[in-house]
Every structure is written in C-alpha cells, then in structure tokens.
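**Q** My structure is stored as work38.cif, with mmCIF, C-alpha atoms.
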```
data_model
loop_
_atom_site.label_atom_id
_atom_site.label_comp_id
_atom_site.auth_asym_id
_atom_site.auth_seq_id
_atom_site.Cartn_x
_atom_site.Cartn_y
_atom_site.Cartn_z
CA MET A 245 41.97 -1.30 58.75
CA ALA A 246 40.32 0.16 61.84
CA ARG A 247 41.43 -2.68 64.08
CA GLN A 248 45.02 -2.39 62.89
CA THR A 249 44.96 1.35 63.39
CA VAL A 250 43.56 0.98 66.91
CA TRP A 251 46.39 -1.41 67.73
CA CYS A 252 48.99 0.98 66.27
CA GLY A 253 47.47 3.84 68.20
CA ALA A 254 47.53 1.89 71.44
CA ALA A 255 51.06 0.65 70.86
CA ALA A 256 52.57 3.93 69.74
CA GLY A 257 50.44 6.51 71.47
CA GLY A 258 46.99 7.85 70.68
CA ARG A 259 48.18 10.82 68.62
CA PHE A 260 50.36 8.65 66.38
CA GLY A 261 47.49 6.21 65.84
CA ALA A 262 45.06 9.01 65.03
CA ALA A 263 47.54 10.58 62.60
CA LEU A 264 48.21 7.21 60.97
CA PHE A 265 44.49 6.57 60.62
CA ALA A 266 43.93 9.98 59.01
CA LEU A 267 46.86 9.44 56.65
CA LEU A 268 45.61 6.03 55.57
CA VAL A 269 42.07 7.27 55.00
CA VAL A 270 43.19 10.32 53.01
CA ALA A 271 45.91 8.47 51.08
CA SER A 272 43.79 5.48 50.10
CA PRO A 273 43.46 5.46 46.33
CA ALA A 274 40.10 5.30 44.62
CA TRP A 275 40.46 2.22 42.45
CA ALA A 276 37.95 1.46 39.73
CA ALA A 277 38.60 -2.29 39.78
CA PRO A 278 35.76 -3.95 41.70
CA CYS A 279 36.57 -6.11 44.67
CA GLY A 280 35.21 -9.62 44.99
CA HIS A 281 34.47 -12.54 47.26
CA GLY A 282 36.06 -15.85 46.33
CA SER A 283 38.20 -16.57 43.31
CA GLY A 284 35.57 -15.73 40.68
CA GLY A 285 36.50 -12.48 39.01
CA PHE A 286 40.06 -12.34 40.34
CA ASP A 287 41.64 -12.54 36.88
CA ARG A 288 39.45 -9.67 35.63
CA TRP A 289 40.33 -7.66 38.74
CA LEU A 290 44.05 -8.35 38.24
CA SER A 291 43.88 -7.21 34.63
CA ALA A 292 42.17 -3.97 35.66
CA PHE A 293 44.67 -3.54 38.50
CA ARG A 294 47.58 -3.84 36.04
CA GLN A 295 46.08 -1.10 33.87
CA GLU A 296 45.43 1.20 36.80
CA ALA A 297 48.87 0.58 38.29
CA ALA A 298 50.46 1.40 34.92
CA ALA A 299 48.40 4.59 34.77
CA LYS A 300 49.75 5.46 38.25
CA GLY A 301 53.33 5.19 36.92
CA ILE A 302 54.31 1.58 37.65
CA LYS A 303 56.42 0.38 34.71
CA PRO A 304 54.95 -2.45 32.61
CA ALA A 305 58.12 -4.52 33.10
CA THR A 306 57.77 -4.16 36.87
CA LEU A 307 54.13 -5.21 36.70
CA SER A 308 54.95 -8.20 34.50
CA ALA A 309 57.75 -9.37 36.78
CA GLY A 310 55.91 -8.67 40.02
CA LEU A 311 52.54 -10.10 39.03
CA ALA A 312 53.70 -13.09 36.98
CA ASP A 313 51.75 -16.19 37.96
CA VAL A 314 49.81 -14.33 40.68
CA SER A 315 46.56 -16.07 41.55
CA TYR A 316 43.88 -15.87 44.21
CA ASP A 317 44.87 -17.62 47.44
CA PRO A 318 41.92 -18.75 49.59
CA ARG A 319 44.32 -19.64 52.42
CA VAL A 320 45.24 -15.96 52.77
CA ILE A 321 41.57 -15.05 53.24
CA ARG A 322 41.08 -17.86 55.76
CA LEU A 323 44.13 -16.73 57.75
CA ASP A 324 43.06 -13.09 57.55
CA ARG A 325 39.62 -13.92 58.94
CA SER A 326 41.04 -15.96 61.81
CA GLN A 327 43.33 -13.36 63.41
CA HIS A 328 42.07 -13.55 66.97
CA SER A 329 44.54 -10.91 68.13
CA PHE A 330 42.30 -8.17 66.75
CA LYS A 331 39.58 -9.19 69.19
CA LEU A 332 41.80 -8.68 72.24
CA SER A 333 42.33 -5.56 74.27
CA PHE A 334 45.80 -4.07 73.96
CA GLU A 335 46.66 -5.37 77.44
CA ALA A 336 45.58 -8.93 76.59
CA PHE A 337 47.37 -8.76 73.23
CA TYR A 338 50.55 -7.51 74.90
CA ALA A 339 50.44 -10.21 77.58
CA ARG A 340 49.98 -12.92 74.96
CA ARG A 341 52.46 -11.75 72.31
CA VAL A 342 55.22 -9.71 73.96
CA SER A 343 57.99 -11.27 76.02
CA ASN A 344 61.19 -10.00 77.59
CA ALA A 345 63.14 -12.00 74.98
CA LEU A 346 61.26 -10.28 72.14
CA ILE A 347 61.99 -6.88 73.69
CA ARG A 348 65.69 -7.67 74.22
CA ARG A 349 66.01 -8.86 70.63
CA GLY A 350 64.33 -5.66 69.45
CA GLN A 351 66.77 -3.55 71.44
CA SER A 352 69.61 -5.51 69.85
CA MET A 353 68.16 -4.95 66.37
CA ILE A 354 67.95 -1.21 67.01
CA GLN A 355 71.64 -1.16 67.93
CA ARG A 356 72.66 -3.43 65.04
CA HIS A 357 70.81 -1.34 62.45
CA ARG A 358 71.16 2.08 64.12
CA GLY A 359 72.30 3.86 60.93
CA LEU A 360 69.38 2.55 58.88
CA PHE A 361 66.84 3.40 61.56
CA ASN A 362 68.29 6.90 61.91
CA ARG A 363 67.92 7.46 58.16
CA ILE A 364 64.35 6.14 58.21
CA GLU A 365 63.40 8.37 61.14
CA GLN A 366 65.03 11.37 59.50
CA ARG A 367 63.23 10.80 56.22
CA PHE A 368 59.83 9.55 57.40
CA GLY A 369 59.63 10.62 61.05
CA VAL A 370 59.00 7.10 62.38
CA PRO A 371 61.17 6.25 65.42
CA ALA A 372 63.12 3.00 65.52
CA PRO A 373 61.20 1.52 68.49
CA VAL A 374 57.92 1.76 66.55
CA LEU A 375 59.39 0.06 63.47
CA VAL A 376 61.18 -2.60 65.49
CA SER A 377 58.11 -3.43 67.56
CA ILE A 378 56.06 -3.98 64.41
CA TRP A 379 58.90 -5.96 62.81
CA GLY A 380 59.17 -8.17 65.88
CA LEU A 381 55.45 -8.80 66.28
CA GLU A 382 54.70 -9.34 62.60
CA THR A 383 57.70 -11.46 61.55
CA ASN A 384 59.71 -12.31 64.67
CA TYR A 385 62.43 -10.08 63.16
CA GLY A 386 62.34 -11.91 59.85
CA ALA A 387 62.46 -15.41 61.33
CA ASP A 388 58.87 -16.19 60.33
CA ARG A 389 59.03 -17.00 56.64
CA GLY A 390 55.30 -16.78 55.98
CA GLN A 391 54.83 -20.51 55.54
CA ASN A 392 56.25 -20.23 52.01
CA MET A 393 53.54 -17.74 51.10
CA SER A 394 54.16 -15.15 48.39
CA ILE A 395 53.82 -11.63 49.72
CA ILE A 396 52.70 -10.31 46.33
CA ARG A 397 50.11 -13.09 45.92
CA SER A 398 48.87 -12.45 49.46
CA LEU A 399 48.60 -8.69 48.91
CA ALA A 400 46.83 -9.20 45.57
CA THR A 401 44.34 -11.58 47.19
CA LEU A 402 43.66 -9.15 50.03
CA ALA A 403 43.42 -6.21 47.61
CA TYR A 404 40.79 -8.11 45.60
CA ASP A 405 38.85 -9.12 48.73
CA CYS A 406 36.17 -6.54 49.53
CA ARG A 407 36.85 -6.34 53.27
CA ARG A 408 39.86 -3.96 53.14
CA SER A 409 40.43 -3.59 49.42
CA ASP A 410 41.60 0.04 49.37
CA PHE A 411 44.17 -0.53 52.10
CA PHE A 412 45.69 -3.64 50.50
CA THR A 413 45.54 -2.20 46.98
CA ASN A 414 47.73 0.63 48.21
CA GLU A 415 50.05 -1.91 49.87
CA LEU A 416 50.26 -3.92 46.62
CA ILE A 417 51.17 -0.79 44.65
CA ASN A 418 53.87 0.03 47.21
CA ALA A 419 55.24 -3.51 47.06
#
```
Give the structure from this file in structure tokens form.
**A**
Amino acid sequence: MARQTVWCGAAAGGRFGAALFALLVVASPAWAAPCGHGSGGFDRWLSAFRQEAAAKGIKPATLSAGLADVSYDPRVIRLDRSQHSFKLSFEAFYARRVSNALIRRGQSMIQRHRGLFNRIEQRFGVPAPVLVSIWGLETNYGADRGQNMSIIRSLATLAYDCRRSDFFTNELINA
C-alpha cells in the first residue's frame, strides 16, 4: 500500500497523497479472517470472509453470486510481486509509462465523459484528471482486459495474501 500511495502522492500532489494515505489507513477494516501464504487455508479464509462481509451488510445473494467458484490464483501473486514500476522513481516511471498519445487519449476521455466526471468530482471530490490518469495507466482506458483474469478472484487472492491483506479486503468488499 505504501508504494501505491507514494505514487499517487507524486502523481497528484503531496497533499492529496498524504490525505489518501491517511484515509486508507484509518478506513482499513479490522478483519478477523487470517491471511495466508499459498493456497493452503484459502477456502477457510473465504468462508470467514463471507461471514464477515455478511455481518458488514453485504447481502447473502450478492456474496453467493460474486464469490461463486472463487479460488486462489497463484498467478495473481506472481504478477503482484513482479511489478517493477514500484521500484522506480516517479520521473523514471513517468518516462517509461506516459506518452503524448496516452495523455491525448485521456484528454479525449475527459471530454467524452464530462458529465460523469463532473458528478464524481461533485460527490467524491476527485478531479477528472486524477481519475483519468489512473484509468489510463492501469487499464489503457479499458483496452487491457486483464489477460482473462477475474477481478473478484484476483482481489480475493490478494485479500488472502498477507502482504496487503487489509487494503485488498476493503477493495473486495467494495467490489
């Protein structure tokens, strides 16, 4: 989480990054389900997660539909551990990942979805350029399909993994 927050802070301004970090630390839920390393124990963790999510107000039907056939995915862990971008300075990251074409496409997306971005900023206070820059870098504006990887399975795997369990458990609940 710290590396992601540092990147957000550098990309969006130090105050925004510091506020985001504080929000994530304060808002992280205290989950009783133990994290784990490797696939052993994942099914027990998932069962406990279902119970805790239901206690937090997630409807049983939503949990059943959303977590049907969810299993541990070792590929997600391998990919998570091999993200070399987190080891770069912001300047090196920017030089490697950001192009004029990416920026132009982002500007176009802001115009195309102006109404939606205005509503998001009004409700949550996050400006369109911040959202669009993350959208562009993380998914190439939706063009990257995640190599046919399930988002829910990926989040569950990362929530179970001990490295950043609280962060990804919160993301799984939100998903």
**Q** Using only C-alpha atoms, which of the listed residues (A:Ile378, A:Leu402, A:Ile396, A:Ala312) sits closest to A:Leu346?
**A** A:Ile378
**Q** Quick one: of A:Met393, A:Arg367, A:Tyr316, A:Phe293, who's nearest to A:Asn414, counting all atoms listed in the file?
**A** A:Phe293
**Q** How many Å lie between atom CA of A:Leu416 and atom CA of A:Ala298, rounded to one decimal?
**A** 12.9 Å
**Q** With distances taken over only C-alpha atoms, which of A:Ile321, A:Ala400, A:Ala387, A:Leu360 is nearest to A:His281?
**A** A:Ile321
**Q** Can you list, as a PyMOL selection string, every protein, DNA or RNA residue that comes within 12 Å of A:Phe361 when you count only C-alpha atoms, leaving out same-chain residues fewer than 3 positions away?
**A** chain A and resi 353-358+364-376
**Q** For the PyMOL selection byres ((chain A and resi 417) around 12), applied here, can you spell out every residue it catches as a compact mmCIF listing (two decimals) with C-alpha atoms, in the coordinates of the input?
**A**
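Okay, this is what ended up in expr-v4.txt:
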```txt
# COMPACT_ATOMS: atom_id res chain seq x y z
CA SER A 272 43.79 5.48 50.10
CA PRO A 273 43.46 5.46 46.33
CA TRP A 275 40.46 2.22 42.45
CA PHE A 293 44.67 -3.54 38.50
CA ARG A 294 47.58 -3.84 36.04
CA GLN A 295 46.08 -1.10 33.87
CA GLU A 296 45.43 1.20 36.80
CA ALA A 297 48.87 0.58 38.29
CA ALA A 298 50.46 1.40 34.92
CA ALA A 299 48.40 4.59 34.77
CA LYS A 300 49.75 5.46 38.25
CA GLY A 301 53.33 5.19 36.92
CA ILE A 302 54.31 1.58 37.65
CA LYS A 303 56.42 0.38 34.71
CA THR A 306 57.77 -4.16 36.87
CA LEU A 307 54.13 -5.21 36.70
CA GLY A 310 55.91 -8.67 40.02
CA LEU A 311 52.54 -10.10 39.03
CA ILE A 396 52.70 -10.31 46.33
CA LEU A 399 48.60 -8.69 48.91
CA ALA A 400 46.83 -9.20 45.57
CA ALA A 403 43.42 -6.21 47.61
CA ASP A 410 41.60 0.04 49.37
CA PHE A 411 44.17 -0.53 52.10
CA PHE A 412 45.69 -3.64 50.50
CA THR A 413 45.54 -2.20 46.98
CA ASN A 414 47.73 0.63 48.21
CA GLU A 415 50.05 -1.91 49.87
CA LEU A 416 50.26 -3.92 46.62
CA ASN A 418 53.87 0.03 47.21
CA ALA A 419 55.24 -3.51 47.06
```
**Q** Check which residues satisfy the PyMOL selection byres ((chain A and resi 347) around 12) in the file shown, then give them as a PDB file with C-alpha atoms, in the coordinates of the input.
**A**
```pdb
ATOM      1  CA  TYR A 338      50.550  -7.510  74.900  1.00  0.00           C
ATOM      2  CA  ARG A 341      52.460 -11.750  72.310  1.00  0.00           C
ATOM      3  CA  VAL A 342      55.220  -9.710  73.960  1.00  0.00           C
ATOM      4  CA  SER A 343      57.990 -11.270  76.020  1.00  0.00           C
ATOM      5  CA  ASN A 344      61.190 -10.000  77.590  1.00  0.00           C
ATOM      6  CA  ALA A 345      63.140 -12.000  74.980  1.00  0.00           C
ATOM      7  CA  LEU A 346      61.260 -10.280  72.140  1.00  0.00           C
ATOM      8  CA  ARG A 348      65.690  -7.670  74.220  1.00  0.00           C
ATOM      9  CA  ARG A 349      66.010  -8.860  70.630  1.00  0.00           C
ATOM     10  CA  GLY A 350      64.330  -5.660  69.450  1.00  0.00           C
ATOM     11  CA  GLN A 351      66.770  -3.550  71.440  1.00  0.00           C
ATOM     12  CA  SER A 352      69.610  -5.510  69.850  1.00  0.00           C
ATOM     13  CA  MET A 353      68.160  -4.950  66.370  1.00  0.00           C
ATOM     14  CA  ILE A 354      67.950  -1.210  67.010  1.00  0.00           C
ATOM     15  CA  PRO A 373      61.200   1.520  68.490  1.00  0.00           C
ATOM     16  CA  VAL A 374      57.920   1.760  66.550  1.00  0.00           C
ATOM     17  CA  VAL A 376      61.180  -2.600  65.490  1.00  0.00           C
ATOM     18  CA  SER A 377      58.110  -3.430  67.560  1.00  0.00           C
ATOM     19  CA  ILE A 378      56.060  -3.980  64.410  1.00  0.00           C
ATOM     20  CA  TRP A 379      58.900  -5.960  62.810  1.00  0.00           C
ATOM     21  CA  GLY A 380      59.170  -8.170  65.880  1.00  0.00           C
ATOM     22  CA  LEU A 381      55.450  -8.800  66.280  1.00  0.00           C
ATOM     23  CA  ASN A 384      59.710 -12.310  64.670  1.00  0.00           C
ATOM     24  CA  TYR A 385      62.430 -10.080  63.160  1.00  0.00           C
TER      25      TYR A 385
END
```
**Q** So the first atom is atom CA of A:Ala292 and the second is atom CA of A:Thr401; what is the distance between them in Å, to one decimal place?
**A**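 Interatomic distance here is 14.0 Å.
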**Q** Please measure the separation of atom CA of A:Asp324 and atom CA of A:Cys406, giving the value in Å to one decimal.
**A**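 Atom CA of A:Cys406 lies 12.4 Å from atom CA of A:Asp324.
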**Q** Just checking: using all atoms listed in the file, which residue out of A:Arg407, A:Ser315, A:Arg325, A:Glu382 ends up closest to A:Arg288?
**A** A:Ser315
